[in-house]
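Student: Contents of input_1.txt (compact mmCIF, C-alpha atoms) are below:
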```txt
# COMPACT_ATOMS: atom_id res chain seq x y z
CA MET A 1 -199.55 -92.00 79.44
CA ASP A 2 -197.20 -90.97 76.63
CA SER A 3 -200.11 -90.96 74.20
CA ALA A 4 -202.17 -88.74 76.49
CA GLU A 5 -199.28 -86.31 76.95
CA SER A 6 -198.73 -86.22 73.18
CA SER A 7 -202.40 -85.47 72.56
CA GLN A 8 -202.30 -82.74 75.19
CA ALA A 9 -199.21 -81.20 73.57
CA ASP A 10 -200.86 -81.27 70.15
CA ALA A 11 -203.97 -79.63 71.54
CA GLN A 12 -201.90 -76.94 73.24
CA ALA A 13 -200.00 -76.30 70.00
CA ARG A 14 -203.27 -75.91 68.08
CA LEU A 15 -204.60 -73.59 70.79
CA ASP A 16 -201.46 -71.44 70.62
CA ALA A 17 -201.73 -71.28 66.83
CA ALA A 18 -205.37 -70.24 67.09
CA LYS A 19 -204.43 -67.51 69.60
CA ARG A 20 -201.77 -66.19 67.21
CA LEU A 21 -204.29 -66.05 64.36
CA VAL A 22 -206.76 -64.17 66.56
CA ALA A 23 -204.06 -61.73 67.65
CA GLU A 24 -202.98 -61.13 64.03
CA ALA A 25 -206.59 -60.61 62.95
CA LYS A 26 -207.11 -58.12 65.78
CA ALA A 27 -203.95 -56.24 64.79
CA ASP A 28 -205.12 -56.04 61.17
CA TYR A 29 -208.52 -54.81 62.33
CA ASP A 30 -206.94 -52.16 64.58
CA ASP A 31 -204.67 -50.95 61.76
CA GLY A 32 -207.63 -50.70 59.40
CA ALA A 33 -209.69 -48.86 61.98
CA ARG A 34 -206.87 -46.37 62.59
CA VAL A 35 -206.59 -45.65 58.86
CA VAL A 36 -210.34 -45.07 58.55
CA VAL A 37 -210.46 -42.83 61.63
CA ALA A 38 -207.45 -40.84 60.42
CA LYS A 39 -209.02 -40.26 57.00
CA LEU A 40 -212.32 -39.20 58.55
CA SER A 41 -210.50 -36.85 60.90
CA ASP A 42 -208.48 -35.41 58.01
CA ALA A 43 -211.67 -34.71 56.10
CA LYS A 44 -213.20 -33.06 59.16
CA ASP A 45 -210.14 -30.89 59.79
CA ALA A 46 -209.58 -29.92 56.20
CA GLY A 47 -213.22 -29.27 55.40
CA VAL A 48 -214.67 -29.28 51.89
CA ARG A 49 -214.34 -25.90 50.31
CA ALA A 50 -216.03 -25.06 47.00
CA ASP A 51 -213.24 -22.81 45.80
CA THR A 52 -210.64 -25.49 46.44
CA TRP A 53 -212.72 -28.03 44.54
CA TRP A 54 -213.01 -25.67 41.60
CA GLU A 55 -209.31 -24.84 41.73
CA SER A 56 -208.36 -28.50 41.56
CA ILE A 57 -210.64 -28.98 38.53
CA TYR A 58 -209.44 -25.82 36.80
CA HIS A 59 -205.75 -26.74 37.14
CA SER A 60 -206.22 -30.35 35.99
CA ASP A 61 -205.22 -31.67 32.58
CA ALA A 62 -208.66 -33.30 32.24
CA TRP A 63 -210.38 -29.90 32.46
CA LYS A 64 -208.22 -28.51 29.65
CA VAL A 65 -209.10 -31.49 27.45
CA ILE A 66 -212.81 -31.10 28.20
CA VAL A 67 -212.76 -27.37 27.41
CA THR A 68 -210.95 -28.00 24.13
CA VAL A 69 -213.39 -30.73 23.07
CA VAL A 70 -216.42 -28.62 23.98
CA THR A 71 -214.96 -25.70 22.05
CA ILE A 72 -214.72 -27.83 18.90
CA VAL A 73 -218.23 -29.23 19.39
CA VAL A 74 -219.65 -25.70 19.80
CA ILE A 75 -217.97 -24.54 16.59
CA VAL A 76 -219.27 -27.53 14.61
CA ALA A 77 -222.78 -27.24 16.07
CA ALA A 78 -223.01 -23.52 15.33
CA ILE A 79 -221.95 -23.95 11.71
CA VAL A 80 -223.43 -27.33 10.71
CA LEU A 81 -226.49 -28.06 12.86
CA SER A 82 -229.78 -26.25 13.37
CA GLY A 83 -232.93 -26.38 15.50
CA GLY A 84 -233.39 -27.49 19.09
CA VAL A 85 -230.35 -29.77 19.14
CA THR A 86 -228.11 -26.84 18.26
CA LEU A 87 -229.63 -24.67 20.99
CA ALA A 88 -229.14 -27.42 23.55
CA ILE A 89 -225.50 -27.97 22.56
CA LEU A 90 -224.80 -24.24 22.55
CA ALA A 91 -226.50 -23.78 25.93
CA VAL A 92 -224.55 -26.58 27.64
CA GLY A 93 -221.28 -25.74 25.91
CA GLY A 94 -221.71 -22.04 26.60
CA ALA A 95 -222.30 -22.70 30.30
CA LEU A 96 -219.12 -24.79 30.58
CA LEU A 97 -217.02 -22.26 28.65
CA LEU A 98 -218.38 -19.46 30.81
CA ALA A 99 -217.42 -21.43 33.94
CA ASP A 100 -213.90 -21.80 32.56
CA SER A 101 -213.77 -18.07 31.84
CA LEU A 102 -214.93 -17.30 35.37
CA MET A 103 -212.22 -19.49 36.90
CA ALA A 104 -209.58 -18.01 34.56
CA TRP A 105 -210.62 -14.51 35.62
CA GLN A 106 -210.63 -15.44 39.32
CA GLU A 107 -207.17 -17.02 39.03
CA GLY A 108 -205.83 -13.95 37.23
CA ASP A 109 -205.32 -15.79 33.92
CA MET A 110 -207.86 -13.54 32.14
CA SER A 111 -208.37 -9.81 32.37
CA THR A 112 -211.70 -8.31 33.39
CA GLY A 113 -212.20 -7.01 29.84
CA ASP A 114 -211.56 -10.42 28.27
CA PHE A 115 -213.93 -12.05 30.76
CA ALA A 116 -216.67 -9.52 30.00
CA LEU A 117 -216.23 -10.19 26.26
CA ALA A 118 -216.33 -13.97 26.71
CA ALA A 119 -219.44 -13.70 28.91
CA ALA A 120 -221.18 -11.42 26.41
CA LEU A 121 -220.43 -13.77 23.51
CA THR A 122 -221.67 -16.73 25.53
CA PHE A 123 -225.07 -15.14 26.15
CA ILE A 124 -225.74 -13.83 22.61
CA PRO A 125 -228.76 -15.89 21.46
CA GLY A 126 -228.07 -18.65 18.93
CA GLY A 127 -230.37 -20.13 16.29
CA LYS A 128 -232.10 -18.30 13.49
CA LEU A 129 -232.39 -14.54 13.68
CA VAL A 130 -233.75 -13.52 10.31
CA GLY A 131 -233.54 -16.43 7.88
CA ALA A 132 -230.15 -17.39 6.50
CA ALA A 133 -228.59 -14.09 7.49
CA GLY A 134 -229.58 -14.72 11.11
CA LYS A 135 -228.14 -18.24 11.06
CA GLY A 136 -224.89 -16.98 9.60
CA LEU A 137 -224.62 -14.27 12.24
CA SER A 138 -225.31 -16.77 15.02
CA ALA A 139 -222.72 -19.20 13.66
CA ALA A 140 -220.15 -16.42 13.37
CA THR A 141 -220.86 -15.25 16.91
CA ARG A 142 -220.55 -18.73 18.43
CA GLY A 143 -217.52 -19.46 16.32
CA ALA A 144 -215.84 -16.29 17.57
CA SER A 145 -216.63 -17.17 21.17
CA ALA A 146 -215.28 -20.70 20.74
CA ALA A 147 -212.17 -19.37 19.03
CA VAL A 148 -211.55 -17.07 22.00
CA ARG A 149 -211.78 -20.06 24.35
CA THR A 150 -209.46 -22.23 22.22
CA SER A 151 -206.91 -19.44 22.24
CA SER A 152 -207.32 -19.08 26.01
CA VAL A 153 -206.71 -22.81 26.65
CA ALA A 154 -203.61 -22.81 24.44
CA ALA A 155 -202.37 -19.62 26.11
CA LYS A 156 -202.93 -21.17 29.55
CA ILE A 157 -200.70 -24.16 28.80
CA THR A 158 -198.15 -21.96 27.03
CA GLY A 159 -198.23 -19.54 29.96
CA VAL A 160 -197.42 -22.30 32.45
CA ALA A 161 -194.56 -23.55 30.28
CA SER A 162 -193.21 -20.01 29.91
CA ARG A 163 -192.72 -19.82 33.67
CA VAL A 164 -190.10 -22.56 33.47
CA ARG A 165 -186.53 -21.76 32.37
CA VAL A 166 -183.05 -23.15 32.86
CA ALA A 167 -180.76 -20.67 34.60
CA GLU A 168 -177.08 -20.16 33.79
CA ASP A 169 -176.06 -22.41 36.68
CA GLY A 170 -178.09 -25.27 35.19
CA VAL A 171 -180.87 -25.15 37.78
CA THR A 172 -184.41 -25.13 36.41
CA GLU A 173 -186.27 -22.04 37.62
CA ILE A 174 -190.04 -22.03 38.08
CA ALA A 175 -191.80 -18.69 38.48
CA ILE A 176 -194.65 -18.66 41.02
CA LYS A 177 -197.43 -16.11 40.60
CA MET A 178 -199.50 -14.53 43.33
CA LYS A 179 -203.21 -15.23 43.26
CA LYS A 180 -205.54 -12.39 42.44
CA GLY A 181 -207.24 -11.01 45.56
CA TRP A 182 -204.62 -12.18 48.06
CA SER A 183 -203.92 -10.01 51.06
CA GLN A 184 -200.42 -8.71 51.75
CA GLU A 185 -200.17 -11.30 54.51
CA GLN A 186 -200.86 -14.11 52.03
CA ILE A 187 -198.36 -12.68 49.55
CA ASP A 188 -195.73 -12.54 52.30
CA ALA A 189 -196.59 -16.13 53.26
CA MET A 190 -196.00 -17.29 49.67
CA ILE A 191 -192.65 -15.46 49.50
CA THR A 192 -191.62 -17.08 52.79
CA LYS A 193 -192.70 -20.48 51.46
CA ILE A 194 -190.63 -20.01 48.29
CA ASN A 195 -187.55 -19.06 50.34
CA GLN A 196 -188.03 -22.06 52.64
CA VAL A 197 -188.18 -24.44 49.69
CA ASN A 198 -185.18 -22.89 47.90
CA ASP A 199 -183.07 -23.12 51.09
CA ARG A 200 -183.57 -26.91 51.04
CA ASN A 201 -182.19 -27.49 47.50
CA PRO A 202 -185.39 -28.99 46.01
CA VAL A 203 -185.14 -31.84 43.50
CA VAL A 204 -188.14 -33.10 41.52
CA THR A 205 -188.83 -36.55 42.94
CA ARG A 206 -191.25 -39.33 42.06
CA VAL A 207 -193.51 -39.99 45.05
CA GLU A 208 -194.99 -43.43 45.65
CA GLU A 209 -198.46 -43.53 47.17
CA GLN A 210 -197.30 -45.22 50.36
CA ALA A 211 -194.89 -42.34 50.98
CA ARG A 212 -197.90 -40.05 51.48
CA ASN A 213 -199.29 -42.14 54.36
CA PRO A 214 -200.04 -41.27 57.04
CA SER A 215 -201.25 -37.84 56.01
CA ALA A 216 -199.62 -34.65 57.24
CA THR A 217 -202.76 -33.79 59.20
CA SER A 218 -202.64 -37.16 60.99
CA ILE A 219 -198.97 -36.79 61.90
CA TRP A 220 -199.58 -33.25 63.16
CA ARG A 221 -202.54 -34.32 65.28
CA ARG A 222 -200.79 -37.35 66.77
CA ALA A 223 -197.95 -35.09 67.86
CA GLY A 224 -200.47 -33.01 69.80
CA ARG A 225 -199.90 -29.89 67.70
CA GLU A 226 -202.54 -27.15 67.48
CA PHE A 227 -204.54 -26.33 64.34
CA GLU A 228 -205.55 -22.86 63.17
CA PRO A 229 -208.64 -21.89 61.15
CA GLY A 230 -207.87 -21.19 57.49
CA LYS A 231 -204.52 -23.00 57.59
CA ASP A 232 -203.36 -26.38 56.27
CA VAL A 233 -200.64 -28.64 57.60
CA ASP A 234 -197.99 -28.05 54.95
CA HIS A 235 -194.86 -30.00 54.01
CA ILE A 236 -192.20 -27.28 54.16
CA LEU A 237 -190.31 -29.06 51.39
CA ASP A 238 -193.03 -30.72 49.33
CA LEU A 239 -192.85 -34.48 48.87
CA ARG A 240 -192.71 -33.93 45.09
CA LEU A 241 -189.55 -31.90 45.69
CA GLY A 242 -187.75 -34.46 47.85
CA GLY A 243 -189.26 -33.60 51.23
CA LYS A 244 -189.88 -36.14 53.99
CA ASN A 245 -193.30 -37.03 55.35
CA SER A 246 -192.23 -36.25 58.91
CA LEU A 247 -193.20 -33.78 61.63
CA ALA A 248 -189.85 -31.98 61.27
CA ASN A 249 -190.84 -31.09 57.69
CA MET A 250 -194.27 -29.68 58.58
CA GLN A 251 -195.78 -26.32 59.45
CA LEU A 252 -199.12 -24.53 59.33
CA LEU A 253 -199.62 -22.46 56.18
CA ASP A 254 -202.49 -20.37 54.81
CA SER A 255 -204.77 -22.82 52.95
CA SER A 256 -205.00 -20.75 49.77
CA VAL A 257 -201.23 -20.24 49.64
CA ASN A 258 -200.52 -23.90 50.31
CA ARG A 259 -202.89 -25.18 47.63
CA SER A 260 -201.86 -22.57 45.09
CA PHE A 261 -198.18 -23.45 45.48
CA GLY A 262 -198.92 -27.16 45.14
CA ALA A 263 -201.04 -26.64 42.01
CA GLN A 264 -198.47 -24.35 40.40
CA ILE A 265 -195.51 -26.66 40.91
CA GLY A 266 -197.60 -29.61 39.68
CA ASN A 267 -198.60 -27.77 36.51
CA ALA A 268 -195.05 -26.53 35.94
CA ILE A 269 -193.63 -30.04 36.24
CA ARG A 270 -196.25 -31.45 33.84
CA HIS A 271 -196.50 -28.71 31.23
CA GLY A 272 -192.95 -27.42 31.59
CA ARG A 273 -191.67 -30.96 31.08
CA VAL A 274 -189.52 -30.95 34.20
CA GLY A 275 -188.31 -34.50 34.70
CA ASP A 276 -187.52 -36.42 37.86
CA ASP A 277 -184.14 -35.77 39.53
CA THR A 278 -184.12 -32.19 38.22
CA PHE A 279 -182.80 -29.50 40.57
CA VAL A 280 -185.27 -26.62 40.69
CA ARG A 281 -185.45 -23.15 42.15
CA PHE A 282 -188.53 -20.98 42.62
CA THR A 283 -188.86 -17.27 41.88
CA VAL A 284 -191.67 -14.75 42.23
CA MET A 285 -193.35 -14.03 38.92
CA GLY A 286 -192.92 -10.36 38.04
```
Represent the structure contained in this file as structure tokens.
Tutor:
Amino acid sequence: MDSAESSQADAQARLDAAKRLVAEAKADYDDGARVVVAKLSDAKDAGVRADTWWESIYHSDAWKVIVTVVTIVVIVAAIVLSGGVTLAILAVGGALLLADSLMAWQEGDMSTGDFALAAALTFIPGGKLVGAAGKGLSAATRGASAAVRTSSVAAKITGVASRVRVAEDGVTEIAIKMKKGWSQEQIDAMITKINQVNDRNPVVTRVEEQARNPSATSIWRRAGREFEPGKDVDHILDLRLGGKNSLANMQLLDSSVNRSFGAQIGNAIRHGRVGDDTFVRFTVMG
């Protein structure tokens, strides 16, 4: 009898253990499913906008490196090489440099006159014109165009760094510029955003990946809040500035304003060499 009861107890213990494993596996599955659904919903809500994609590329460090490398390659190809290989290099390089000029003009980093000059230089035919004189002219033209782009890249980085200064009270000030083509409503929204951030005493903070999850869009949706076309769910005080990933720190903000502010503070922190734990204050670029 004792042996039978012992066997029954062992069997029950194994059954209970198996149930716990099944329950844990189900919980893991449910958590994974919720993450996937949330990410898919975020993508659906946010949409995929071409201008945002281009903006993220244009403001990245990788894009600046690519433009610089292509500029050097174009100069070398125009001066040293000849024939079809040269034309191919100049065509591809010219297209990329023109794209960079277009984005710079759209972002307000390049005047209309400078953009027109860069575009004209890009489309001047390369290769031989009339013997050696033609080749020299082509090389000079491409070299001038590449030199303009090198200067533009350097000026872009220098321009970002120049927007960062340490005020008399020791707080690091970062000047935020308004995007070309914004409406007065968008300009007002950026000014309001700057004031909101400054009122919360922002401090540059390192953000771990797990601190970004769940996404702001997911938190907003789960709280039953409404969405509006053309607006993002914004952290009032950005995570990079010490804000919390909580509903109390969220609002709807014009998508262009939200993404422009995020890109500008990111570039200022990187290129302006603003370290973690630095108190910052934002101003409107005059």
Student: Just how far from atom CA of Asp169 of chain A is atom CA of Val204 of chain A, in Å to one decimal?
Tutor: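 For atom CA of Val204 of chain A relative to atom CA of Asp169 of chain A, the distance reads 16.8 Å.
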Student: Using all atoms listed in the file, pick whichever of A:Pro214, A:Leu241, A:Ile194, A:Arg273 has the shortest atom-to-atom distance to Ala175 of chain A.
Tutor: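 Ranked by minimum distance to Ala175 of chain A, first place goes to A:Ile194.
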Student: To one decimal place in Å, what is the distance between atom CA of Gly224 of chain A and atom CA of Leu252 of chain A?
Tutor: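 Computing it gives 13.5 Å between the two atoms.
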Student: By how many Å are atom CA of Arg165 of chain A and atom CA of Gly272 of chain A apart?
Tutor: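 Straight-line distance from atom CA of Arg165 of chain A to atom CA of Gly272 of chain A works out to 8.6 Å.
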Student: Show me, as a list of chain:residue names, the residues that have an atom within 9 Å of Thr283 of chain A when counting only C-alpha atoms, minus same-chain residues fewer than 4 positions from it.
Tutor: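 That gives A:Glu173, A:Ile174, A:Ala175, A:Ile176, A:Lys177, A:Ile191, A:Ile194, A:Asn195.
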Student: Taking into account all atoms listed in the file, which residue in the set A:Phe279, A:Phe261, A:Trp182, A:Phe227 is nearest to Thr205 of chain A?
Tutor: A:Phe279
Student: For Ala189 of chain A, find every residue with an atom within 9 Å (counting all atoms listed in the file), except residues of its own chain fewer than 6 positions away, and show them as a list in words.
Tutor: Leu253, Asp254 and Val257 of chain A
Student: Quick one: of A:Arg225, A:Ile236, A:Ala104, A:Thr217, who's nearest to Lys180 of chain A, counting all atoms listed in the file?
Tutor: A:Ala104
